[in-house]
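Note: the block below is final_18.csv and it holds CSV, N, CA and C atoms.
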```csv
chain,number,residue,atom,x,y,z
G,1,ARG,N,109.4,119.5,104.3
G,1,ARG,CA,110.2,118.9,103.3
G,1,ARG,C,109.2,118.4,102.2
G,2,LYS,N,109.5,118.8,101.0
G,2,LYS,CA,108.6,118.3,99.9
G,2,LYS,C,109.2,117.1,99.3
G,3,THR,N,108.3,116.1,99.0
G,3,THR,CA,108.7,114.9,98.4
G,3,THR,C,107.9,114.7,97.2
G,4,LEU,N,108.3,113.7,96.4
G,4,LEU,CA,107.5,113.3,95.2
G,4,LEU,C,106.1,112.8,95.6
G,5,ALA,N,106.0,112.2,96.8
G,5,ALA,CA,104.8,111.6,97.2
G,5,ALA,C,103.8,112.7,97.7
G,6,ARG,N,104.2,113.8,98.1
G,6,ARG,CA,103.4,114.8,98.7
G,6,ARG,C,102.1,115.2,97.9
G,7,PRO,N,102.2,115.5,96.6
G,7,PRO,CA,100.9,115.8,95.9
G,7,PRO,C,100.0,114.6,95.9
G,8,TYR,N,100.5,113.4,95.8
G,8,TYR,CA,99.6,112.2,95.8
G,8,TYR,C,99.0,112.0,97.2
G,9,ALA,N,99.8,112.3,98.3
G,9,ALA,CA,99.2,112.2,99.6
G,9,ALA,C,98.1,113.2,99.8
G,10,LEU,N,98.3,114.4,99.3
G,10,LEU,CA,97.2,115.4,99.3
G,10,LEU,C,96.0,115.0,98.5
G,11,ALA,N,96.2,114.4,97.4
G,11,ALA,CA,95.1,113.8,96.6
G,11,ALA,C,94.3,112.7,97.3
G,12,ALA,N,95.1,111.9,98.0
G,12,ALA,CA,94.4,110.8,98.8
G,12,ALA,C,93.6,111.4,99.9
G,13,PHE,N,94.2,112.4,100.6
G,13,PHE,CA,93.4,113.1,101.6
G,13,PHE,C,92.2,113.7,101.1
G,14,LYS,N,92.2,114.3,99.9
G,14,LYS,CA,91.0,114.9,99.4
G,14,LYS,C,90.0,113.9,99.0
G,15,PHE,N,90.4,112.8,98.4
G,15,PHE,CA,89.4,111.7,98.2
G,15,PHE,C,88.8,111.2,99.5
G,16,ALA,N,89.6,111.0,100.5
G,16,ALA,CA,89.1,110.5,101.8
G,16,ALA,C,88.2,111.5,102.4
G,17,SER,N,88.5,112.8,102.4
G,17,SER,CA,87.7,113.8,103.0
G,17,SER,C,86.3,113.9,102.3
G,18,LEU,N,86.4,113.9,100.9
G,18,LEU,CA,85.1,114.0,100.2
G,18,LEU,C,84.2,112.9,100.5
G,19,GLU,N,84.7,111.7,100.8
G,19,GLU,CA,83.9,110.6,101.1
G,19,GLU,C,83.6,110.5,102.6
G,20,ASN,N,84.3,111.3,103.4
G,20,ASN,CA,84.2,111.3,104.8
G,20,ASN,C,84.6,109.9,105.4
G,21,LYS,N,85.7,109.4,104.8
G,21,LYS,CA,86.2,108.0,105.1
G,21,LYS,C,87.7,108.1,105.3
G,22,ILE,N,88.2,109.0,106.1
G,22,ILE,CA,89.6,109.1,106.4
G,22,ILE,C,90.2,107.9,107.0
G,23,SER,N,89.5,107.3,107.9
G,23,SER,CA,90.0,106.1,108.6
G,23,SER,C,90.1,104.9,107.6
G,24,ASP,N,89.2,104.8,106.7
G,24,ASP,CA,89.2,103.7,105.7
G,24,ASP,C,90.4,103.9,104.8
G,25,TRP,N,90.7,105.2,104.4
G,25,TRP,CA,91.8,105.5,103.5
G,25,TRP,C,93.1,105.2,104.3
G,26,LEU,N,93.2,105.5,105.5
G,26,LEU,CA,94.4,105.3,106.3
G,26,LEU,C,94.7,103.8,106.3
G,27,HIS,N,93.7,103.0,106.5
G,27,HIS,CA,93.9,101.5,106.4
G,27,HIS,C,94.3,101.1,105.0
G,28,PHE,N,93.6,101.6,104.0
G,28,PHE,CA,93.9,101.3,102.6
G,28,PHE,C,95.4,101.6,102.3
G,29,LEU,N,95.9,102.8,102.7
G,29,LEU,CA,97.2,103.2,102.4
G,29,LEU,C,98.2,102.4,103.2
G,30,GLY,N,97.9,102.1,104.4
G,30,GLY,CA,98.8,101.3,105.3
G,30,GLY,C,98.9,99.9,104.7
G,31,ASP,N,97.8,99.3,104.3
G,31,ASP,CA,97.9,97.9,103.7
G,31,ASP,C,98.7,98.0,102.4
G,32,LEU,N,98.5,99.0,101.6
G,32,LEU,CA,99.3,99.1,100.3
G,32,LEU,C,100.7,99.3,100.6
G,33,SER,N,101.0,100.1,101.6
G,33,SER,CA,102.4,100.3,102.0
G,33,SER,C,103.1,99.0,102.4
G,34,SER,N,102.4,98.2,103.1
G,34,SER,CA,103.0,97.0,103.6
G,34,SER,C,103.3,96.1,102.4
G,35,VAL,N,102.4,96.0,101.4
G,35,VAL,CA,102.7,95.2,100.2
G,35,VAL,C,103.8,95.8,99.4
G,36,ILE,N,103.7,97.0,99.1
G,36,ILE,CA,104.6,97.7,98.2
G,36,ILE,C,106.1,97.7,98.7
G,37,SER,N,106.2,97.8,100.1
G,37,SER,CA,107.5,97.8,100.7
G,37,SER,C,108.2,96.5,100.6
G,38,ASN,N,107.5,95.4,100.3
G,38,ASN,CA,108.1,94.1,100.3
G,38,ASN,C,109.1,94.1,99.1
G,39,PRO,N,110.3,93.7,99.3
G,39,PRO,CA,111.3,93.7,98.1
G,39,PRO,C,110.8,92.8,97.0
G,40,ASN,N,110.1,91.7,97.3
G,40,ASN,CA,109.7,90.8,96.3
G,40,ASN,C,108.6,91.5,95.4
G,41,PHE,N,107.8,92.3,96.0
G,41,PHE,CA,106.8,93.0,95.2
G,41,PHE,C,107.4,94.0,94.3
G,42,LYS,N,108.5,94.6,94.7
G,42,LYS,CA,109.2,95.5,93.8
G,42,LYS,C,109.7,94.8,92.5
G,43,LEU,N,110.0,93.5,92.6
G,43,LEU,CA,110.4,92.8,91.4
G,43,LEU,C,109.2,92.6,90.5
G,44,ILE,N,108.0,92.3,91.1
G,44,ILE,CA,106.8,92.2,90.4
G,44,ILE,C,106.4,93.5,89.7
G,45,LEU,N,106.5,94.6,90.5
G,45,LEU,CA,106.1,95.9,90.0
G,45,LEU,C,106.8,96.2,88.7
G,46,ASN,N,108.1,95.8,88.5
G,46,ASN,CA,108.9,96.1,87.3
G,46,ASN,C,108.8,95.1,86.2
G,47,ASN,N,107.8,94.1,86.4
G,47,ASN,CA,107.7,93.1,85.4
G,47,ASN,C,106.9,93.6,84.2
G,48,PRO,N,107.5,93.7,83.0
G,48,PRO,CA,106.8,94.3,81.9
G,48,PRO,C,105.6,93.4,81.4
G,49,ARG,N,105.6,92.1,81.8
G,49,ARG,CA,104.6,91.2,81.3
G,49,ARG,C,103.3,91.3,82.1
G,50,LEU,N,103.3,92.1,83.2
G,50,LEU,CA,102.1,92.3,84.0
G,50,LEU,C,101.4,93.5,83.5
G,51,SER,N,100.1,93.3,83.2
G,51,SER,CA,99.3,94.4,82.7
G,51,SER,C,98.9,95.3,83.9
G,52,HIS,N,98.4,96.5,83.6
G,52,HIS,CA,98.0,97.4,84.6
G,52,HIS,C,96.9,96.8,85.5
G,53,ALA,N,95.9,96.2,84.8
G,53,ALA,CA,94.8,95.5,85.5
G,53,ALA,C,95.3,94.4,86.4
G,54,GLN,N,96.2,93.6,85.9
G,54,GLN,CA,96.7,92.5,86.7
G,54,GLN,C,97.5,93.0,87.9
G,55,LEU,N,98.2,94.1,87.8
G,55,LEU,CA,98.9,94.7,88.9
G,55,LEU,C,97.9,95.1,90.0
G,56,LEU,N,96.9,95.8,89.6
G,56,LEU,CA,95.9,96.3,90.5
G,56,LEU,C,95.2,95.1,91.2
G,57,GLU,N,94.9,94.1,90.4
G,57,GLU,CA,94.2,92.9,91.0
G,57,GLU,C,95.2,92.2,92.0
G,58,LEU,N,96.4,92.1,91.7
G,58,LEU,CA,97.4,91.5,92.6
G,58,LEU,C,97.6,92.4,93.8
G,59,LEU,N,97.6,93.7,93.7
G,59,LEU,CA,97.7,94.5,94.9
G,59,LEU,C,96.5,94.3,95.8
G,60,GLY,N,95.3,94.2,95.3
G,60,GLY,CA,94.1,93.9,96.1
G,60,GLY,C,94.2,92.6,96.8
G,61,TYR,N,94.7,91.6,96.1
G,61,TYR,CA,94.8,90.2,96.6
G,61,TYR,C,95.8,90.2,97.8
G,62,LEU,N,97.0,90.8,97.5
G,62,LEU,CA,98.1,90.8,98.5
G,62,LEU,C,97.7,91.7,99.8
G,63,ALA,N,97.0,92.7,99.5
G,63,ALA,CA,96.6,93.6,100.6
G,63,ALA,C,95.3,93.1,101.3
G,64,LYS,N,94.8,92.0,100.8
G,64,LYS,CA,93.6,91.4,101.3
G,64,LYS,C,92.4,92.4,101.4
G,65,THR,N,92.2,93.1,100.3
G,65,THR,CA,91.1,94.1,100.3
G,65,THR,C,90.5,94.2,99.0
G,66,THR,N,89.3,94.8,98.9
G,66,THR,CA,88.6,95.2,97.7
G,66,THR,C,88.6,96.7,97.7
G,67,PHE,N,89.1,97.2,96.6
G,67,PHE,CA,89.2,98.7,96.6
G,67,PHE,C,87.9,99.3,96.2
G,68,THR,N,87.6,100.5,96.9
G,68,THR,CA,86.4,101.3,96.5
G,68,THR,C,86.7,101.9,95.1
G,69,GLU,N,85.7,102.5,94.5
G,69,GLU,CA,85.9,103.1,93.2
G,69,GLU,C,86.9,104.2,93.3
G,70,SER,N,86.9,105.0,94.3
G,70,SER,CA,87.8,106.2,94.4
G,70,SER,C,89.2,105.7,94.7
G,71,GLN,N,89.4,104.6,95.5
G,71,GLN,CA,90.7,104.0,95.8
G,71,GLN,C,91.3,103.5,94.5
G,72,LEU,N,90.4,102.8,93.7
G,72,LEU,CA,90.9,102.3,92.5
G,72,LEU,C,91.3,103.4,91.5
G,73,ASN,N,90.5,104.5,91.5
G,73,ASN,CA,90.9,105.6,90.6
G,73,ASN,C,92.2,106.2,91.1
G,74,PHE,N,92.4,106.3,92.4
G,74,PHE,CA,93.7,106.8,92.9
G,74,PHE,C,94.8,105.9,92.5
G,75,LEU,N,94.7,104.6,92.6
G,75,LEU,CA,95.7,103.7,92.2
G,75,LEU,C,96.0,103.8,90.7
G,76,LYS,N,94.9,104.0,89.9
G,76,LYS,CA,95.1,104.1,88.5
G,76,LYS,C,95.9,105.4,88.1
G,77,LEU,N,95.7,106.4,88.9
G,77,LEU,CA,96.4,107.7,88.7
G,77,LEU,C,97.9,107.4,89.0
G,78,LEU,N,98.2,106.8,90.2
G,78,LEU,CA,99.5,106.5,90.5
G,78,LEU,C,100.2,105.6,89.5
G,79,GLN,N,99.5,104.6,89.0
G,79,GLN,CA,100.0,103.7,88.0
G,79,GLN,C,100.3,104.4,86.7
G,80,HIS,N,99.4,105.3,86.3
G,80,HIS,CA,99.5,106.1,85.0
G,80,HIS,C,100.9,106.9,85.0
G,81,TYR,N,101.2,107.4,86.2
G,81,TYR,CA,102.4,108.2,86.3
G,81,TYR,C,103.6,107.5,86.8
G,82,GLY,N,103.4,106.1,86.9
G,82,GLY,CA,104.5,105.3,87.4
G,82,GLY,C,105.0,105.6,88.8
G,83,ARG,N,104.0,105.8,89.7
G,83,ARG,CA,104.3,106.2,91.0
G,83,ARG,C,103.7,105.3,92.1
G,84,ILE,N,103.4,104.1,91.7
G,84,ILE,CA,102.8,103.1,92.7
G,84,ILE,C,103.9,102.9,93.8
G,85,SER,N,105.2,102.9,93.5
G,85,SER,CA,106.2,102.6,94.4
G,85,SER,C,106.4,103.7,95.5
G,86,ILE,N,105.8,104.8,95.3
G,86,ILE,CA,105.9,105.9,96.3
G,86,ILE,C,104.9,105.8,97.5
G,87,VAL,N,104.0,104.9,97.4
G,87,VAL,CA,102.9,104.8,98.4
G,87,VAL,C,103.5,104.7,99.9
G,88,PRO,N,104.6,103.9,100.1
G,88,PRO,CA,105.1,103.9,101.4
G,88,PRO,C,105.7,105.2,102.0
G,89,GLU,N,106.0,106.1,101.1
G,89,GLU,CA,106.6,107.4,101.5
G,89,GLU,C,105.5,108.2,102.2
```

The structure in this file should be written as structure tokens.
Amino acid sequence: RKTLARPYALAAFKFASLENKISDWLHFLGDLSSVISNPNFKLILNNPRLSHAQLLELLGYLAKTTFTESQLNFLKLLQHYGRISIVPE
């Protein structure tokens, strides 16, 4: 079954494979999924007053993590296309 999330999941897998850090990426995506699945976060996600940088900073804070450069680039890609909300898929 194809979903909107599939190409992004493949991109995440490629990033993880290139860095040989699949386990780290699984934790990263799991932590993000937990944050993004929260109904309160969905309200924040749709707040037009929140800049892209602020949203990424908030994601890191709520997920209790510091993103690697490639994870940050992946998030920026999702953000650019308005797809942050699909991470839990």

Identify, with DSSP run on backbone atoms, the residues in chain G assigned to helix (DSSP H, G or I), and express the list as a PDB file with N, CA and C atoms, keeping the file's coordinate frame.
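Result file is states.pdb:
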```pdb
ATOM      1  N   ARG G   6     104.200 113.800  98.100  1.00  0.00           N
ATOM      2  CA  ARG G   6     103.400 114.800  98.700  1.00  0.00           C
ATOM      3  C   ARG G   6     102.100 115.200  97.900  1.00  0.00           C
ATOM      4  N   PRO G   7     102.200 115.500  96.600  1.00  0.00           N
ATOM      5  CA  PRO G   7     100.900 115.800  95.900  1.00  0.00           C
ATOM      6  C   PRO G   7     100.000 114.600  95.900  1.00  0.00           C
ATOM      7  N   TYR G   8     100.500 113.400  95.800  1.00  0.00           N
ATOM      8  CA  TYR G   8      99.600 112.200  95.800  1.00  0.00           C
ATOM      9  C   TYR G   8      99.000 112.000  97.200  1.00  0.00           C
ATOM     10  N   ALA G   9      99.800 112.300  98.300  1.00  0.00           N
ATOM     11  CA  ALA G   9      99.200 112.200  99.600  1.00  0.00           C
ATOM     12  C   ALA G   9      98.100 113.200  99.800  1.00  0.00           C
ATOM     13  N   LEU G  10      98.300 114.400  99.300  1.00  0.00           N
ATOM     14  CA  LEU G  10      97.200 115.400  99.300  1.00  0.00           C
ATOM     15  C   LEU G  10      96.000 115.000  98.500  1.00  0.00           C
ATOM     16  N   ALA G  11      96.200 114.400  97.400  1.00  0.00           N
ATOM     17  CA  ALA G  11      95.100 113.800  96.600  1.00  0.00           C
ATOM     18  C   ALA G  11      94.300 112.700  97.300  1.00  0.00           C
ATOM     19  N   ALA G  12      95.100 111.900  98.000  1.00  0.00           N
ATOM     20  CA  ALA G  12      94.400 110.800  98.800  1.00  0.00           C
ATOM     21  C   ALA G  12      93.600 111.400  99.900  1.00  0.00           C
ATOM     22  N   PHE G  13      94.200 112.400 100.600  1.00  0.00           N
ATOM     23  CA  PHE G  13      93.400 113.100 101.600  1.00  0.00           C
ATOM     24  C   PHE G  13      92.200 113.700 101.100  1.00  0.00           C
ATOM     25  N   LYS G  14      92.200 114.300  99.900  1.00  0.00           N
ATOM     26  CA  LYS G  14      91.000 114.900  99.400  1.00  0.00           C
ATOM     27  C   LYS G  14      90.000 113.900  99.000  1.00  0.00           C
ATOM     28  N   PHE G  15      90.400 112.800  98.400  1.00  0.00           N
ATOM     29  CA  PHE G  15      89.400 111.700  98.200  1.00  0.00           C
ATOM     30  C   PHE G  15      88.800 111.200  99.500  1.00  0.00           C
ATOM     31  N   ALA G  16      89.600 111.000 100.500  1.00  0.00           N
ATOM     32  CA  ALA G  16      89.100 110.500 101.800  1.00  0.00           C
ATOM     33  C   ALA G  16      88.200 111.500 102.400  1.00  0.00           C
ATOM     34  N   SER G  17      88.500 112.800 102.400  1.00  0.00           N
ATOM     35  CA  SER G  17      87.700 113.800 103.000  1.00  0.00           C
ATOM     36  C   SER G  17      86.300 113.900 102.300  1.00  0.00           C
ATOM     37  N   LEU G  18      86.400 113.900 100.900  1.00  0.00           N
ATOM     38  CA  LEU G  18      85.100 114.000 100.200  1.00  0.00           C
ATOM     39  C   LEU G  18      84.200 112.900 100.500  1.00  0.00           C
ATOM     40  N   GLU G  19      84.700 111.700 100.800  1.00  0.00           N
ATOM     41  CA  GLU G  19      83.900 110.600 101.100  1.00  0.00           C
ATOM     42  C   GLU G  19      83.600 110.500 102.600  1.00  0.00           C
ATOM     43  N   ILE G  22      88.200 109.000 106.100  1.00  0.00           N
ATOM     44  CA  ILE G  22      89.600 109.100 106.400  1.00  0.00           C
ATOM     45  C   ILE G  22      90.200 107.900 107.000  1.00  0.00           C
ATOM     46  N   SER G  23      89.500 107.300 107.900  1.00  0.00           N
ATOM     47  CA  SER G  23      90.000 106.100 108.600  1.00  0.00           C
ATOM     48  C   SER G  23      90.100 104.900 107.600  1.00  0.00           C
ATOM     49  N   ASP G  24      89.200 104.800 106.700  1.00  0.00           N
ATOM     50  CA  ASP G  24      89.200 103.700 105.700  1.00  0.00           C
ATOM     51  C   ASP G  24      90.400 103.900 104.800  1.00  0.00           C
ATOM     52  N   TRP G  25      90.700 105.200 104.400  1.00  0.00           N
ATOM     53  CA  TRP G  25      91.800 105.500 103.500  1.00  0.00           C
ATOM     54  C   TRP G  25      93.100 105.200 104.300  1.00  0.00           C
ATOM     55  N   LEU G  26      93.200 105.500 105.500  1.00  0.00           N
ATOM     56  CA  LEU G  26      94.400 105.300 106.300  1.00  0.00           C
ATOM     57  C   LEU G  26      94.700 103.800 106.300  1.00  0.00           C
ATOM     58  N   HIS G  27      93.700 103.000 106.500  1.00  0.00           N
ATOM     59  CA  HIS G  27      93.900 101.500 106.400  1.00  0.00           C
ATOM     60  C   HIS G  27      94.300 101.100 105.000  1.00  0.00           C
ATOM     61  N   PHE G  28      93.600 101.600 104.000  1.00  0.00           N
ATOM     62  CA  PHE G  28      93.900 101.300 102.600  1.00  0.00           C
ATOM     63  C   PHE G  28      95.400 101.600 102.300  1.00  0.00           C
ATOM     64  N   LEU G  29      95.900 102.800 102.700  1.00  0.00           N
ATOM     65  CA  LEU G  29      97.200 103.200 102.400  1.00  0.00           C
ATOM     66  C   LEU G  29      98.200 102.400 103.200  1.00  0.00           C
ATOM     67  N   GLY G  30      97.900 102.100 104.400  1.00  0.00           N
ATOM     68  CA  GLY G  30      98.800 101.300 105.300  1.00  0.00           C
ATOM     69  C   GLY G  30      98.900  99.900 104.700  1.00  0.00           C
ATOM     70  N   ASP G  31      97.800  99.300 104.300  1.00  0.00           N
ATOM     71  CA  ASP G  31      97.900  97.900 103.700  1.00  0.00           C
ATOM     72  C   ASP G  31      98.700  98.000 102.400  1.00  0.00           C
ATOM     73  N   LEU G  32      98.500  99.000 101.600  1.00  0.00           N
ATOM     74  CA  LEU G  32      99.300  99.100 100.300  1.00  0.00           C
ATOM     75  C   LEU G  32     100.700  99.300 100.600  1.00  0.00           C
ATOM     76  N   SER G  33     101.000 100.100 101.600  1.00  0.00           N
ATOM     77  CA  SER G  33     102.400 100.300 102.000  1.00  0.00           C
ATOM     78  C   SER G  33     103.100  99.000 102.400  1.00  0.00           C
ATOM     79  N   SER G  34     102.400  98.200 103.100  1.00  0.00           N
ATOM     80  CA  SER G  34     103.000  97.000 103.600  1.00  0.00           C
ATOM     81  C   SER G  34     103.300  96.100 102.400  1.00  0.00           C
ATOM     82  N   VAL G  35     102.400  96.000 101.400  1.00  0.00           N
ATOM     83  CA  VAL G  35     102.700  95.200 100.200  1.00  0.00           C
ATOM     84  C   VAL G  35     103.800  95.800  99.400  1.00  0.00           C
ATOM     85  N   ILE G  36     103.700  97.000  99.100  1.00  0.00           N
ATOM     86  CA  ILE G  36     104.600  97.700  98.200  1.00  0.00           C
ATOM     87  C   ILE G  36     106.100  97.700  98.700  1.00  0.00           C
ATOM     88  N   SER G  37     106.200  97.800 100.100  1.00  0.00           N
ATOM     89  CA  SER G  37     107.500  97.800 100.700  1.00  0.00           C
ATOM     90  C   SER G  37     108.200  96.500 100.600  1.00  0.00           C
ATOM     91  N   PRO G  39     110.300  93.700  99.300  1.00  0.00           N
ATOM     92  CA  PRO G  39     111.300  93.700  98.100  1.00  0.00           C
ATOM     93  C   PRO G  39     110.800  92.800  97.000  1.00  0.00           C
ATOM     94  N   ASN G  40     110.100  91.700  97.300  1.00  0.00           N
ATOM     95  CA  ASN G  40     109.700  90.800  96.300  1.00  0.00           C
ATOM     96  C   ASN G  40     108.600  91.500  95.400  1.00  0.00           C
ATOM     97  N   PHE G  41     107.800  92.300  96.000  1.00  0.00           N
ATOM     98  CA  PHE G  41     106.800  93.000  95.200  1.00  0.00           C
ATOM     99  C   PHE G  41     107.400  94.000  94.300  1.00  0.00           C
ATOM    100  N   LYS G  42     108.500  94.600  94.700  1.00  0.00           N
ATOM    101  CA  LYS G  42     109.200  95.500  93.800  1.00  0.00           C
ATOM    102  C   LYS G  42     109.700  94.800  92.500  1.00  0.00           C
ATOM    103  N   LEU G  43     110.000  93.500  92.600  1.00  0.00           N
ATOM    104  CA  LEU G  43     110.400  92.800  91.400  1.00  0.00           C
ATOM    105  C   LEU G  43     109.200  92.600  90.500  1.00  0.00           C
ATOM    106  N   ILE G  44     108.000  92.300  91.100  1.00  0.00           N
ATOM    107  CA  ILE G  44     106.800  92.200  90.400  1.00  0.00           C
ATOM    108  C   ILE G  44     106.400  93.500  89.700  1.00  0.00           C
ATOM    109  N   LEU G  45     106.500  94.600  90.500  1.00  0.00           N
ATOM    110  CA  LEU G  45     106.100  95.900  90.000  1.00  0.00           C
ATOM    111  C   LEU G  45     106.800  96.200  88.700  1.00  0.00           C
ATOM    112  N   HIS G  52      98.400  96.500  83.600  1.00  0.00           N
ATOM    113  CA  HIS G  52      98.000  97.400  84.600  1.00  0.00           C
ATOM    114  C   HIS G  52      96.900  96.800  85.500  1.00  0.00           C
ATOM    115  N   ALA G  53      95.900  96.200  84.800  1.00  0.00           N
ATOM    116  CA  ALA G  53      94.800  95.500  85.500  1.00  0.00           C
ATOM    117  C   ALA G  53      95.300  94.400  86.400  1.00  0.00           C
ATOM    118  N   GLN G  54      96.200  93.600  85.900  1.00  0.00           N
ATOM    119  CA  GLN G  54      96.700  92.500  86.700  1.00  0.00           C
ATOM    120  C   GLN G  54      97.500  93.000  87.900  1.00  0.00           C
ATOM    121  N   LEU G  55      98.200  94.100  87.800  1.00  0.00           N
ATOM    122  CA  LEU G  55      98.900  94.700  88.900  1.00  0.00           C
ATOM    123  C   LEU G  55      97.900  95.100  90.000  1.00  0.00           C
ATOM    124  N   LEU G  56      96.900  95.800  89.600  1.00  0.00           N
ATOM    125  CA  LEU G  56      95.900  96.300  90.500  1.00  0.00           C
ATOM    126  C   LEU G  56      95.200  95.100  91.200  1.00  0.00           C
ATOM    127  N   GLU G  57      94.900  94.100  90.400  1.00  0.00           N
ATOM    128  CA  GLU G  57      94.200  92.900  91.000  1.00  0.00           C
ATOM    129  C   GLU G  57      95.200  92.200  92.000  1.00  0.00           C
ATOM    130  N   LEU G  58      96.400  92.100  91.700  1.00  0.00           N
ATOM    131  CA  LEU G  58      97.400  91.500  92.600  1.00  0.00           C
ATOM    132  C   LEU G  58      97.600  92.400  93.800  1.00  0.00           C
ATOM    133  N   LEU G  59      97.600  93.700  93.700  1.00  0.00           N
ATOM    134  CA  LEU G  59      97.700  94.500  94.900  1.00  0.00           C
ATOM    135  C   LEU G  59      96.500  94.300  95.800  1.00  0.00           C
ATOM    136  N   GLY G  60      95.300  94.200  95.300  1.00  0.00           N
ATOM    137  CA  GLY G  60      94.100  93.900  96.100  1.00  0.00           C
ATOM    138  C   GLY G  60      94.200  92.600  96.800  1.00  0.00           C
ATOM    139  N   TYR G  61      94.700  91.600  96.100  1.00  0.00           N
ATOM    140  CA  TYR G  61      94.800  90.200  96.600  1.00  0.00           C
ATOM    141  C   TYR G  61      95.800  90.200  97.800  1.00  0.00           C
ATOM    142  N   LEU G  62      97.000  90.800  97.500  1.00  0.00           N
ATOM    143  CA  LEU G  62      98.100  90.800  98.500  1.00  0.00           C
ATOM    144  C   LEU G  62      97.700  91.700  99.800  1.00  0.00           C
ATOM    145  N   GLU G  69      85.700 102.500  94.500  1.00  0.00           N
ATOM    146  CA  GLU G  69      85.900 103.100  93.200  1.00  0.00           C
ATOM    147  C   GLU G  69      86.900 104.200  93.300  1.00  0.00           C
ATOM    148  N   SER G  70      86.900 105.000  94.300  1.00  0.00           N
ATOM    149  CA  SER G  70      87.800 106.200  94.400  1.00  0.00           C
ATOM    150  C   SER G  70      89.200 105.700  94.700  1.00  0.00           C
ATOM    151  N   GLN G  71      89.400 104.600  95.500  1.00  0.00           N
ATOM    152  CA  GLN G  71      90.700 104.000  95.800  1.00  0.00           C
ATOM    153  C   GLN G  71      91.300 103.500  94.500  1.00  0.00           C
ATOM    154  N   LEU G  72      90.400 102.800  93.700  1.00  0.00           N
ATOM    155  CA  LEU G  72      90.900 102.300  92.500  1.00  0.00           C
ATOM    156  C   LEU G  72      91.300 103.400  91.500  1.00  0.00           C
ATOM    157  N   ASN G  73      90.500 104.500  91.500  1.00  0.00           N
ATOM    158  CA  ASN G  73      90.900 105.600  90.600  1.00  0.00           C
ATOM    159  C   ASN G  73      92.200 106.200  91.100  1.00  0.00           C
ATOM    160  N   PHE G  74      92.400 106.300  92.400  1.00  0.00           N
ATOM    161  CA  PHE G  74      93.700 106.800  92.900  1.00  0.00           C
ATOM    162  C   PHE G  74      94.800 105.900  92.500  1.00  0.00           C
ATOM    163  N   LEU G  75      94.700 104.600  92.600  1.00  0.00           N
ATOM    164  CA  LEU G  75      95.700 103.700  92.200  1.00  0.00           C
ATOM    165  C   LEU G  75      96.000 103.800  90.700  1.00  0.00           C
ATOM    166  N   LYS G  76      94.900 104.000  89.900  1.00  0.00           N
ATOM    167  CA  LYS G  76      95.100 104.100  88.500  1.00  0.00           C
ATOM    168  C   LYS G  76      95.900 105.400  88.100  1.00  0.00           C
ATOM    169  N   LEU G  77      95.700 106.400  88.900  1.00  0.00           N
ATOM    170  CA  LEU G  77      96.400 107.700  88.700  1.00  0.00           C
ATOM    171  C   LEU G  77      97.900 107.400  89.000  1.00  0.00           C
ATOM    172  N   LEU G  78      98.200 106.800  90.200  1.00  0.00           N
ATOM    173  CA  LEU G  78      99.500 106.500  90.500  1.00  0.00           C
ATOM    174  C   LEU G  78     100.200 105.600  89.500  1.00  0.00           C
ATOM    175  N   GLN G  79      99.500 104.600  89.000  1.00  0.00           N
ATOM    176  CA  GLN G  79     100.000 103.700  88.000  1.00  0.00           C
ATOM    177  C   GLN G  79     100.300 104.400  86.700  1.00  0.00           C
ATOM    178  N   HIS G  80      99.400 105.300  86.300  1.00  0.00           N
ATOM    179  CA  HIS G  80      99.500 106.100  85.000  1.00  0.00           C
ATOM    180  C   HIS G  80     100.900 106.900  85.000  1.00  0.00           C
ATOM    181  N   ILE G  84     103.400 104.100  91.700  1.00  0.00           N
ATOM    182  CA  ILE G  84     102.800 103.100  92.700  1.00  0.00           C
ATOM    183  C   ILE G  84     103.900 102.900  93.800  1.00  0.00           C
ATOM    184  N   SER G  85     105.200 102.900  93.500  1.00  0.00           N
ATOM    185  CA  SER G  85     106.200 102.600  94.400  1.00  0.00           C
ATOM    186  C   SER G  85     106.400 103.700  95.500  1.00  0.00           C
ATOM    187  N   ILE G  86     105.800 104.800  95.300  1.00  0.00           N
ATOM    188  CA  ILE G  86     105.900 105.900  96.300  1.00  0.00           C
ATOM    189  C   ILE G  86     104.900 105.800  97.500  1.00  0.00           C
TER     190      ILE G  86
END
```

What's the 8 Å shell around segment 32-40 of chain G, counting all atoms listed in the file, without same-chain residues fewer than 3 positions away, as a list in words? Leu26, His27, Phe28, Leu29, Leu43, Ile44, Leu45, Leu59, Leu62, Ala63, Lys64, Ile84, Ser85, Ile86, Val87, Pro88 and Glu89 of chain G

State, in Å with one decimal place, the distance from atom C of Arg6 of chain G to atom N of Lys42 of chain G.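 That distance, rounded to one decimal, is 21.8 Å.
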
Quote the spacing between atom CA of Leu10 of chain G and atom CA of Arg83 of chain G in Å to one decimal place. 14.3 Å

Atom pair atom N of Leu58 of chain G + atom N of Ile22 of chain G, distance 23.7 Å
